[in-house]
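Source file start39.txt; content: compact mmCIF, C-alpha atoms.
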```txt
# COMPACT_ATOMS: atom_id res chain seq x y z
CA MET A 69 -69.29 -66.94 -101.42
CA THR A 70 -68.37 -63.73 -103.23
CA THR A 71 -66.64 -61.22 -100.99
CA PRO A 72 -68.71 -58.03 -100.89
CA GLY A 73 -67.09 -54.73 -101.88
CA LEU A 74 -67.21 -51.57 -99.78
CA ALA A 75 -69.76 -49.97 -102.15
CA GLN A 76 -72.03 -53.01 -101.81
CA ILE A 77 -71.86 -52.88 -98.03
CA VAL A 78 -72.44 -49.13 -97.95
CA GLY A 79 -75.46 -49.67 -100.24
CA GLY A 80 -76.77 -52.28 -97.79
CA LEU A 81 -76.68 -49.81 -94.87
CA ARG A 82 -80.08 -48.57 -96.04
CA THR A 83 -81.54 -51.95 -95.11
CA LEU A 84 -80.47 -51.64 -91.47
CA PRO A 85 -83.17 -50.94 -88.89
CA SER A 86 -83.62 -47.22 -88.38
CA LEU A 87 -82.98 -45.64 -85.00
CA PRO A 88 -85.91 -44.22 -83.02
CA THR A 89 -86.88 -40.78 -84.39
CA VAL A 90 -86.01 -38.97 -81.18
CA VAL A 91 -82.55 -40.60 -81.13
CA MET A 92 -81.92 -39.44 -84.71
CA GLU A 93 -82.93 -35.91 -83.70
CA LEU A 94 -80.60 -36.01 -80.70
CA LEU A 95 -77.74 -37.26 -82.90
CA HIS A 96 -78.26 -34.42 -85.37
CA THR A 97 -78.10 -31.88 -82.53
CA MET A 98 -74.97 -33.45 -80.99
CA GLY A 99 -72.53 -30.78 -79.91
CA ASP A 100 -75.25 -28.14 -80.28
CA GLU A 101 -76.63 -26.66 -77.06
CA ASP A 102 -79.18 -24.35 -78.72
CA VAL A 103 -81.99 -26.91 -79.04
CA ASP A 104 -85.67 -27.17 -78.12
CA ILE A 105 -85.17 -29.15 -74.92
CA ASP A 106 -88.85 -29.36 -73.94
CA ARG A 107 -89.86 -30.87 -77.27
CA LEU A 108 -87.00 -33.39 -77.20
CA ALA A 109 -87.81 -34.30 -73.59
CA ARG A 110 -91.40 -35.05 -74.61
CA GLY A 111 -90.13 -37.15 -77.52
CA ILE A 112 -87.89 -39.20 -75.19
CA GLY A 113 -90.71 -39.61 -72.66
CA ASN A 114 -93.02 -40.95 -75.36
CA ASP A 115 -90.65 -43.85 -76.04
CA GLN A 116 -91.22 -45.81 -72.84
CA ALA A 117 -88.49 -48.44 -73.30
CA LEU A 118 -85.91 -45.77 -74.09
CA ALA A 119 -87.00 -43.58 -71.18
CA ALA A 120 -86.90 -46.56 -68.77
CA ARG A 121 -83.33 -47.48 -69.75
CA THR A 122 -82.26 -43.86 -69.47
CA LEU A 123 -83.78 -43.48 -66.01
CA ARG A 124 -82.16 -46.73 -64.84
CA VAL A 125 -78.72 -45.22 -65.45
CA ALA A 126 -79.73 -41.76 -64.23
CA ASN A 127 -80.62 -43.42 -60.91
CA SER A 128 -77.40 -45.49 -60.71
CA PRO A 129 -74.80 -44.70 -58.03
CA PHE A 130 -72.53 -43.21 -60.73
CA TYR A 131 -74.50 -39.95 -60.73
CA GLY A 132 -74.87 -39.90 -56.94
CA ILE A 133 -78.34 -38.34 -57.02
CA GLN A 134 -80.07 -37.91 -53.68
CA GLY A 135 -83.57 -39.29 -54.21
CA LYS A 136 -85.08 -40.88 -57.25
CA VAL A 137 -85.50 -39.40 -60.72
CA ASP A 138 -88.83 -40.56 -62.15
CA THR A 139 -89.20 -38.64 -65.41
CA ILE A 140 -87.01 -37.48 -68.27
CA ALA A 141 -87.83 -33.86 -67.41
CA GLU A 142 -86.54 -34.43 -63.86
CA ALA A 143 -83.41 -36.15 -65.21
CA ILE A 144 -82.72 -33.11 -67.43
CA THR A 145 -83.16 -30.78 -64.46
CA VAL A 146 -80.83 -32.81 -62.22
CA LEU A 147 -78.20 -34.08 -64.70
CA GLY A 148 -78.41 -31.44 -67.43
CA PHE A 149 -79.59 -31.86 -71.00
CA VAL A 150 -76.15 -32.76 -72.36
CA ASN A 151 -75.80 -35.74 -69.98
CA VAL A 152 -79.32 -36.97 -70.69
CA ARG A 153 -78.71 -36.65 -74.43
CA SER A 154 -75.67 -38.94 -74.07
CA LEU A 155 -77.67 -41.46 -72.04
CA VAL A 156 -80.59 -41.54 -74.46
CA THR A 157 -78.46 -41.82 -77.59
CA THR A 158 -76.45 -44.63 -75.97
CA ALA A 159 -79.61 -46.52 -75.02
CA GLY A 160 -81.13 -45.91 -78.46
CA ILE A 161 -78.08 -46.96 -80.47
CA ALA A 162 -77.17 -49.97 -78.34
CA THR A 163 -80.65 -51.49 -78.41
CA ALA A 164 -81.70 -50.79 -82.01
CA TRP A 165 -79.84 -53.75 -83.52
CA PRO A 166 -81.23 -57.18 -84.27
CA THR A 167 -79.62 -60.15 -82.52
CA SER A 168 -76.45 -60.98 -84.39
CA ALA A 169 -76.49 -63.78 -86.92
CA ALA A 170 -72.72 -64.19 -87.26
CA ALA A 171 -71.12 -67.15 -85.49
CA GLY A 172 -68.46 -66.02 -83.08
CA PHE A 173 -69.83 -62.50 -82.67
CA ASP A 174 -71.02 -61.56 -79.18
CA ALA A 175 -73.09 -58.38 -79.16
CA ARG A 176 -72.75 -57.89 -75.40
CA ILE A 177 -68.95 -57.94 -75.58
CA PHE A 178 -69.17 -55.59 -78.57
CA TRP A 179 -71.25 -53.04 -76.63
CA ARG A 180 -69.21 -53.38 -73.45
CA HIS A 181 -66.10 -52.54 -75.50
CA SER A 182 -67.88 -49.65 -77.25
CA LEU A 183 -69.03 -48.28 -73.91
CA SER A 184 -65.57 -48.59 -72.39
CA VAL A 185 -64.06 -46.70 -75.36
CA ALA A 186 -66.81 -44.06 -75.07
CA SER A 187 -66.13 -43.63 -71.34
CA CYS A 188 -62.39 -43.41 -71.93
CA ALA A 189 -62.77 -41.00 -74.89
CA GLU A 190 -64.90 -38.69 -72.76
CA THR A 191 -62.30 -38.77 -69.98
CA LEU A 192 -59.45 -38.13 -72.42
CA ALA A 193 -61.43 -35.26 -73.96
CA ARG A 194 -61.71 -33.61 -70.54
CA HIS A 195 -57.95 -34.11 -70.08
CA ALA A 196 -57.32 -32.41 -73.47
CA ARG A 197 -59.95 -29.70 -72.85
CA LEU A 198 -62.15 -30.88 -75.71
CA ARG A 199 -65.93 -31.45 -75.77
CA PRO A 200 -66.62 -34.58 -73.69
CA GLU A 201 -70.04 -35.30 -75.21
CA THR A 202 -69.01 -35.52 -78.85
CA HIS A 203 -65.96 -37.61 -77.98
CA PHE A 204 -68.13 -39.97 -75.93
CA LEU A 205 -70.36 -40.50 -78.97
CA ALA A 206 -67.39 -41.00 -81.31
CA GLY A 207 -66.09 -43.64 -78.89
CA LEU A 208 -69.48 -45.32 -78.67
CA LEU A 209 -69.72 -45.49 -82.46
CA HIS A 210 -66.07 -46.23 -83.26
CA ASP A 211 -66.69 -49.89 -84.20
CA ILE A 212 -70.27 -49.46 -85.46
CA GLY A 213 -69.11 -50.46 -88.95
CA ARG A 214 -68.33 -53.91 -87.57
CA LEU A 215 -71.90 -54.24 -86.36
CA ALA A 216 -73.16 -53.11 -89.76
CA LEU A 217 -70.93 -55.72 -91.42
CA VAL A 218 -72.24 -58.43 -89.08
CA ALA A 219 -75.86 -57.38 -89.75
CA THR A 220 -75.56 -57.14 -93.54
CA HIS A 221 -72.84 -59.69 -94.43
CA PRO A 222 -72.45 -62.18 -91.56
CA ASP A 223 -70.60 -64.69 -93.78
CA ALA A 224 -67.93 -62.14 -94.71
CA PHE A 225 -67.52 -61.26 -91.05
CA ALA A 226 -67.24 -64.95 -90.13
CA ASP A 227 -64.44 -65.24 -92.74
CA ALA A 228 -62.59 -62.38 -91.04
CA LEU A 229 -63.00 -64.10 -87.66
CA ARG A 230 -61.60 -67.34 -89.09
CA HIS A 231 -58.63 -65.43 -90.53
CA ARG A 232 -57.99 -63.89 -87.12
CA ALA A 233 -58.16 -67.27 -85.37
CA LEU A 234 -55.63 -68.73 -87.81
CA ASN A 235 -53.22 -65.80 -87.66
CA ASP A 236 -53.77 -64.42 -84.12
CA CYS A 237 -53.73 -60.89 -85.51
CA ALA A 238 -55.94 -57.88 -84.86
CA LEU A 239 -59.46 -58.26 -86.27
CA VAL A 240 -59.03 -55.04 -88.26
CA GLU A 241 -56.07 -56.64 -90.07
CA SER A 242 -58.18 -59.72 -90.84
CA GLU A 243 -60.93 -57.50 -92.25
CA ARG A 244 -58.43 -55.81 -94.56
CA ALA A 245 -56.92 -59.16 -95.61
CA VAL A 246 -60.30 -60.79 -96.32
CA LEU A 247 -62.38 -57.82 -97.52
CA GLY A 248 -59.82 -55.29 -98.73
CA PHE A 249 -61.21 -52.61 -96.37
CA ASP A 250 -62.12 -52.42 -92.70
CA HIS A 251 -64.96 -51.67 -90.28
CA ALA A 252 -63.74 -48.11 -89.71
CA GLU A 253 -64.48 -47.20 -93.34
CA ILE A 254 -67.95 -48.75 -93.10
CA GLY A 255 -68.54 -46.96 -89.78
CA GLY A 256 -67.67 -43.56 -91.23
CA GLU A 257 -70.17 -44.13 -94.05
CA LEU A 258 -72.88 -45.28 -91.62
CA CYS A 259 -72.40 -42.15 -89.49
CA ARG A 260 -72.80 -40.01 -92.63
CA HIS A 261 -75.89 -42.01 -93.59
CA TRP A 262 -77.31 -41.20 -90.13
CA ARG A 263 -76.32 -37.52 -90.66
CA ILE A 264 -74.21 -37.48 -87.50
CA PRO A 265 -71.90 -34.42 -87.36
CA GLY A 266 -68.98 -34.84 -89.80
CA SER A 267 -66.24 -34.52 -87.19
CA ILE A 268 -67.59 -37.65 -85.47
CA ALA A 269 -67.95 -39.57 -88.75
CA ASP A 270 -64.35 -38.66 -89.66
CA ALA A 271 -63.03 -39.76 -86.25
CA VAL A 272 -64.88 -43.09 -86.55
CA GLU A 273 -63.38 -43.59 -90.02
CA ARG A 274 -59.83 -42.70 -88.96
CA HIS A 275 -59.62 -44.24 -85.49
CA HIS A 276 -57.14 -46.87 -86.71
CA ARG A 277 -55.27 -44.28 -88.78
CA PRO A 278 -54.78 -41.13 -86.72
CA ALA A 279 -52.88 -38.23 -88.30
CA PRO A 280 -49.06 -38.48 -88.46
CA ALA A 281 -46.76 -36.34 -86.32
CA SER A 282 -46.23 -33.94 -89.24
CA VAL A 283 -49.75 -32.45 -88.83
CA GLY A 284 -48.71 -30.75 -85.61
CA ALA A 285 -49.52 -30.85 -81.92
CA THR A 286 -53.26 -30.19 -81.93
CA VAL A 287 -55.23 -33.16 -80.55
CA GLY A 288 -57.85 -34.44 -83.00
CA MET A 289 -60.96 -36.49 -82.26
CA ALA A 290 -59.43 -39.47 -84.11
CA ASP A 291 -56.41 -39.26 -81.75
CA VAL A 292 -58.71 -39.44 -78.75
CA VAL A 293 -60.69 -42.43 -80.07
CA HIS A 294 -57.52 -44.22 -81.22
CA VAL A 295 -55.88 -43.91 -77.79
CA ALA A 296 -59.16 -44.66 -75.98
CA ASP A 297 -59.45 -47.88 -78.02
CA ALA A 298 -55.95 -48.99 -76.95
CA ILE A 299 -56.60 -48.08 -73.30
CA ALA A 300 -59.98 -49.85 -73.31
CA HIS A 301 -58.48 -53.06 -74.73
CA ALA A 302 -55.69 -52.91 -72.14
CA PHE A 303 -58.13 -52.18 -69.32
CA ASP A 304 -60.12 -55.26 -70.29
CA LEU A 305 -63.58 -54.08 -69.27
CA ALA A 306 -65.32 -55.75 -72.22
CA GLY A 307 -64.58 -59.37 -71.39
CA ASP A 308 -63.26 -60.44 -74.79
CA ARG A 309 -61.07 -63.50 -74.24
CA ASP A 310 -59.30 -62.92 -77.58
CA ALA A 311 -58.81 -59.17 -77.09
CA ARG A 312 -55.52 -57.75 -78.20
CA VAL A 313 -54.21 -54.29 -77.40
CA PRO A 314 -53.51 -52.39 -80.62
CA VAL A 315 -50.14 -50.62 -80.67
CA PRO A 316 -50.87 -46.98 -79.79
CA GLU A 317 -49.54 -44.71 -82.58
CA ALA A 318 -46.75 -42.58 -81.12
CA ALA A 319 -48.01 -39.37 -82.81
CA ALA A 320 -51.56 -39.63 -81.42
CA TRP A 321 -50.29 -40.72 -77.98
CA GLY A 322 -47.78 -37.86 -77.95
CA ARG A 323 -50.40 -35.24 -78.85
CA LEU A 324 -52.48 -36.29 -75.83
CA ALA A 325 -49.44 -35.71 -73.60
CA LEU A 326 -50.34 -38.35 -71.01
CA ASP A 327 -47.96 -38.95 -68.14
CA ALA A 328 -48.18 -41.69 -65.49
CA THR A 329 -50.30 -39.53 -63.18
CA SER A 330 -52.82 -38.39 -65.79
CA LEU A 331 -53.05 -41.90 -67.22
CA ARG A 332 -53.86 -43.26 -63.78
CA THR A 333 -56.64 -40.66 -63.41
CA VAL A 334 -57.97 -41.57 -66.86
CA LEU A 335 -58.16 -45.24 -65.87
CA GLU A 336 -59.98 -44.49 -62.62
CA LYS A 337 -62.55 -42.21 -64.25
CA THR A 338 -63.06 -44.54 -67.20
CA GLU A 339 -63.78 -47.47 -64.91
CA ARG A 340 -66.23 -45.46 -62.81
CA GLN A 341 -68.15 -44.14 -65.81
CA PHE A 342 -68.17 -47.53 -67.53
CA HIS A 343 -69.74 -49.25 -64.53
CA GLY A 344 -72.30 -46.44 -64.25
CA PHE A 345 -73.31 -46.76 -67.89
CA ALA A 346 -73.11 -50.56 -68.16
CA ASN A 347 -76.66 -50.76 -66.71
CA ILE A 348 -77.95 -49.32 -69.96
CA LEU A 349 -77.04 -52.45 -71.87
CA GLY A 350 -79.67 -54.61 -70.23
CA MET B 1287 -71.43 -58.90 -51.56
CA ASN B 1288 -68.84 -57.14 -49.35
CA THR B 1289 -67.67 -53.67 -50.27
CA ASP B 1290 -64.15 -54.91 -51.09
CA ASP B 1291 -65.44 -57.54 -53.56
CA PHE B 1292 -65.30 -56.88 -57.31
CA ALA B 1293 -68.52 -56.39 -59.26
CA ASN B 1294 -68.90 -56.80 -63.02
CA VAL B 1295 -65.56 -58.53 -63.66
CA PRO B 1296 -65.23 -59.74 -67.28
CA LEU B 1297 -65.24 -63.54 -67.30
CA ALA B 1298 -62.14 -63.54 -69.52
CA SER B 1299 -60.06 -61.96 -66.76
CA VAL B 1300 -61.28 -64.20 -63.91
CA ALA B 1301 -58.61 -66.71 -62.84
CA PRO B 1302 -59.65 -70.24 -61.82
CA GLY B 1303 -59.92 -70.48 -58.05
CA ALA B 1304 -61.84 -67.21 -57.60
CA ARG B 1305 -65.13 -67.36 -55.67
CA LEU B 1306 -68.42 -65.81 -56.75
CA ALA B 1307 -69.49 -62.85 -54.61
CA ALA B 1308 -73.01 -62.96 -56.07
CA ALA B 1309 -75.12 -65.58 -57.84
CA VAL B 1310 -74.83 -65.83 -61.62
CA VAL B 1311 -78.21 -65.51 -63.30
CA GLY B 1312 -78.73 -66.68 -66.89
CA ALA B 1313 -80.56 -64.79 -69.62
CA ASP B 1314 -83.75 -66.73 -68.76
CA GLY B 1315 -83.63 -65.52 -65.14
CA HIS B 1316 -82.57 -68.87 -63.65
CA VAL B 1317 -79.69 -69.02 -61.18
CA LEU B 1318 -76.75 -70.78 -62.86
CA MET B 1319 -74.43 -70.69 -59.84
CA THR B 1320 -74.86 -69.50 -56.28
CA ALA B 1321 -72.74 -66.95 -54.42
CA GLY B 1322 -69.67 -68.52 -52.81
CA SER B 1323 -69.11 -71.11 -55.55
CA GLN B 1324 -65.47 -71.57 -56.50
CA LEU B 1325 -64.76 -71.16 -60.20
CA THR B 1326 -62.69 -73.76 -62.00
CA GLU B 1327 -61.41 -73.64 -65.59
CA ALA B 1328 -64.27 -75.95 -66.66
CA ILE B 1329 -66.89 -73.84 -64.88
CA LEU B 1330 -65.52 -70.65 -66.45
CA GLU B 1331 -65.75 -72.27 -69.87
CA GLY B 1332 -69.27 -73.47 -69.10
CA LEU B 1333 -70.41 -69.99 -68.04
CA ALA B 1334 -68.88 -68.47 -71.19
CA ALA B 1335 -70.70 -71.08 -73.30
CA ARG B 1336 -73.96 -70.04 -71.62
CA GLY B 1337 -73.35 -66.43 -72.66
CA VAL B 1338 -72.18 -65.08 -69.29
CA VAL B 1339 -69.87 -62.09 -69.91
CA ALA B 1340 -69.16 -60.74 -66.42
CA VAL B 1341 -69.50 -61.92 -62.81
CA ALA B 1342 -69.01 -60.58 -59.29
CA ILE B 1343 -66.08 -62.19 -57.49
CA GLU B 1344 -64.92 -62.16 -53.89
CA ALA B 1345 -61.79 -60.19 -53.12
CA PRO B 1346 -58.99 -62.70 -52.37
CA ARG B 1347 -58.50 -63.01 -48.60
CA GLY B 1348 -55.25 -64.84 -47.74
CA GLU B 1349 -51.71 -64.25 -49.05
CA PRO B 1350 -51.59 -67.40 -51.28
CA GLU B 1351 -54.88 -66.33 -52.89
CA LEU B 1352 -53.63 -62.78 -53.32
CA ALA B 1353 -50.38 -63.95 -54.89
CA ALA B 1354 -52.29 -66.18 -57.33
CA ALA B 1355 -54.62 -63.30 -58.23
CA ARG B 1356 -51.67 -60.95 -58.81
CA ASP B 1357 -50.00 -63.53 -61.02
CA GLY B 1358 -53.27 -64.06 -62.93
CA ALA B 1359 -53.66 -60.32 -63.50
CA ARG B 1360 -50.10 -60.05 -64.84
CA GLN B 1361 -50.55 -63.08 -67.14
CA ARG B 1362 -53.80 -61.69 -68.52
CA LEU B 1363 -52.10 -58.37 -69.31
CA VAL B 1364 -49.18 -60.12 -71.02
CA HIS B 1365 -51.75 -61.96 -73.16
CA LEU B 1366 -53.60 -58.74 -74.02
CA PHE B 1367 -50.36 -56.98 -75.02
CA ARG B 1368 -49.09 -59.88 -77.16
CA GLY B 1369 -49.21 -57.71 -80.31
CA CYS B 1370 -47.09 -54.92 -78.78
CA ASP B 1371 -43.35 -54.80 -78.36
CA LEU B 1372 -43.13 -53.36 -74.87
CA ASP B 1373 -39.49 -52.41 -75.31
CA GLU B 1374 -40.15 -50.57 -78.58
CA ASP B 1375 -43.35 -48.96 -79.89
CA GLY B 1376 -42.29 -45.52 -78.71
CA GLY B 1377 -42.92 -46.20 -75.03
CA ALA B 1378 -46.72 -45.78 -75.18
CA ALA B 1379 -47.46 -49.50 -74.89
CA ARG B 1380 -45.08 -49.85 -71.95
CA MET B 1381 -46.60 -46.87 -70.16
CA LEU B 1382 -50.09 -48.29 -70.68
CA PHE B 1383 -49.06 -51.79 -69.55
CA ASP B 1384 -47.48 -50.43 -66.37
CA ALA B 1385 -50.45 -48.17 -65.55
CA VAL B 1386 -53.04 -50.94 -65.95
CA LEU B 1387 -50.92 -53.43 -64.00
CA GLU B 1388 -50.49 -50.92 -61.18
CA ARG B 1389 -54.28 -50.40 -61.10
CA ARG B 1390 -54.94 -54.15 -61.00
CA LEU B 1391 -52.36 -54.77 -58.25
CA GLU B 1392 -53.82 -51.91 -56.23
CA ASP B 1393 -57.08 -53.87 -56.04
CA LEU B 1394 -55.16 -56.88 -54.75
CA ARG B 1395 -53.27 -55.34 -51.83
```
Hey, can you dump this file as structure tokens for me?
Amino acid sequence: MTTPGLAQIVGGLRTLPSLPTVVMELLHTMGDEDVDIDRLARGIGNDQALAARTLRVANSPFYGIQGKVDTIAEAITVLGFVNVRSLVTTAGIATAWPTSAAAGFDARIFWRHSLSVASCAETLARHARLRPETHFLAGLLHDIGRLALVATHPDAFADALRHRALNDCALVESERAVLGFDHAEIGGELCRHWRIPGSIADAVERHHRPAPASVGATVGMADVVHVADAIAHAFDLAGDRDARVPVPEAAAWGRLALDATSLRTVLEKTERQFHGFANILG
Amino acid sequence: MNTDDFANVPLASVAPGARLAAAVVGADGHVLMTAGSQLTEAILEGLAARGVVAVAIEAPRGEPELAAARDGARQRLVHLFRGCDLDEDGGAARMLFDAVLERRLEDLR
């Protein structure tokens, strides 16, 4: 087998199944609150499977709603448009992929990890007074390049898995050793292909390489996703037997200024949100 | 399921000896194991092979069970952190290890 290059994989992203139209529209408006909510609500309601998944989570104990929410319009009234947008995009992205063909890849563990990073990134964003919604999405998408690799080049991904099994190293290191690049680079390109806001694409691309200490004290989205990834692996919500906590970069960790008390709060909130959202996966 | 039981526990972090708080249902809708069944290493492997990712387990009741669960939680964390040097790495890994362990032990008091 010839190992594919990054350009070849990026070219193959066009062959991936497209997301539902309304999900694409919601992604393009991410972080923007000046949108035509009624039109988007109708679009969500017209996709029955998507609406059903969304309402399942909207009615979960996590949101603590008194009474039942039966329609997307009601969900928007009760939870707010921003929350519903996060629910719908999560349901749309997590269910748009074909069943994986790569041996050793478990899509449910993949999405449980993605959801735990998203939940943690949102919680960390609140801690750092950043926009929770965009950080949630960056967390959800942080490993999407791995899914794209599995979907387009399952043999190359299987090679990376074999390398990891032999060396007991992080999968990202195996990807670099086998392919010469990693899933974060593919993920950044896929986000750009989907025309997701650039700050999110950049954070996805740099989540294993956050900025060094020399850039200053301002927390970046890549810092949040990087630290959320480490916390999520440590917190073990995904169920990956071979999981391995990546070493948190001191600069990114330092910029988030977490102490024992705030870290404890982050863990509690992450766990609560994860269990609320996990219903969306099936 | 009792309120102090644990729902949605990743199979990878369940120690042998734990009991199911709810039945495990396979992807085809059939019950694979009933509530109350005790999980052994072989059963855990079997469930993983059948694609089960998470289960509901009973909270440990007696002190020997609690001690075993605490030890299992610590061992699992040590395994997860095997790529980190807890005495180096700028302190972040140690802080994270301690915080998660504290959270796990809290559930087992």
### Query
Of the candidates B:Glu1331, B:Glu1351, B:Asp1291, B:Asp1357, which shows the shortest atom-to-atom distance to chain A, using all atoms listed in the file?
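For chain A, the nearest of the candidates is B:Glu1331.
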### Query
Nearest to A:Ala302: which of B:Gly1322, B:Pro1350, B:Gly1358, B:Gly1369 is it, counting only C-alpha atoms?
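Once distances to A:Ala302 are computed over only C-alpha atoms, the minimum belongs to B:Gly1369.
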### Query
Counting only C-alpha atoms, which residues from chain B have an atom at most 12 Å from any atom of chain A, and could you show them as a ChimeraX atom specification?
/B:1292-1300,1313,1330-1331,1334-1341,1359-1360,1362-1372,1374-1390,1392-1393
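Relative to atom CA of A:Ile212, atom CA of A:Ala226 is found at 16.5 Å.
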### Query
Please, what distance in Å, to one decimal, runs between atom CA of A:Thr139 and atom CA of A:Leu108?
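Calculated distance between atom CA of A:Thr139 and atom CA of A:Leu108 is 13.1 Å.
From atom CA of A:Ala186 back to atom CA of A:Leu205, the distance works out to 6.4 Å.
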### Task
Kindly provide, as a ChimeraX atom specification, the polymer residues lying within 9 Å of (-76.3, -37.4, -75.0), counting only C-alpha atoms and using the coordinates exactly as they appear in the file.
/A:94-95,98,149-158,201-202,204-205
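Those residues positioned at most 8 Å from (-60.0, -52.9, -101.1) are Gly73, Leu74, Arg244, Leu247, Gly248 and Phe249 of chain A, judged using all atoms listed in the file.
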### Task
Using all atoms listed in the file, find the one residue out of B:Thr1326, B:Gln1361, B:Thr1320, B:Asn1288 that sits nearest to B:Ala1308.
B:Thr1320
Residues near A:Ala126, cut-off 9 Å, only C-alpha atoms, skip fewer than 3 positions along chain, as a compact mmCIF listing (two decimals) with C-alpha atoms, keeping the file's coordinate frame:
```
# COMPACT_ATOMS: atom_id res chain seq x y z
CA ARG A 121 -83.33 -47.48 -69.75
CA THR A 122 -82.26 -43.86 -69.47
CA LEU A 123 -83.78 -43.48 -66.01
CA PRO A 129 -74.80 -44.70 -58.03
CA PHE A 130 -72.53 -43.21 -60.73
CA TYR A 131 -74.50 -39.95 -60.73
CA GLY A 132 -74.87 -39.90 -56.94
CA ILE A 133 -78.34 -38.34 -57.02
CA LYS A 136 -85.08 -40.88 -57.25
CA VAL A 137 -85.50 -39.40 -60.72
CA ALA A 143 -83.41 -36.15 -65.21
CA LEU A 147 -78.20 -34.08 -64.70
CA VAL A 152 -79.32 -36.97 -70.69
CA LEU A 155 -77.67 -41.46 -72.04
CA GLY A 344 -72.30 -46.44 -64.25
CA PHE A 345 -73.31 -46.76 -67.89
```
#### Entry: Within 9 Å of B:Leu1318 using only C-alpha atoms, minus same-chain residues under 4 positions, as an MDAnalysis selection string
chainID B and resid 1309:1312 1333
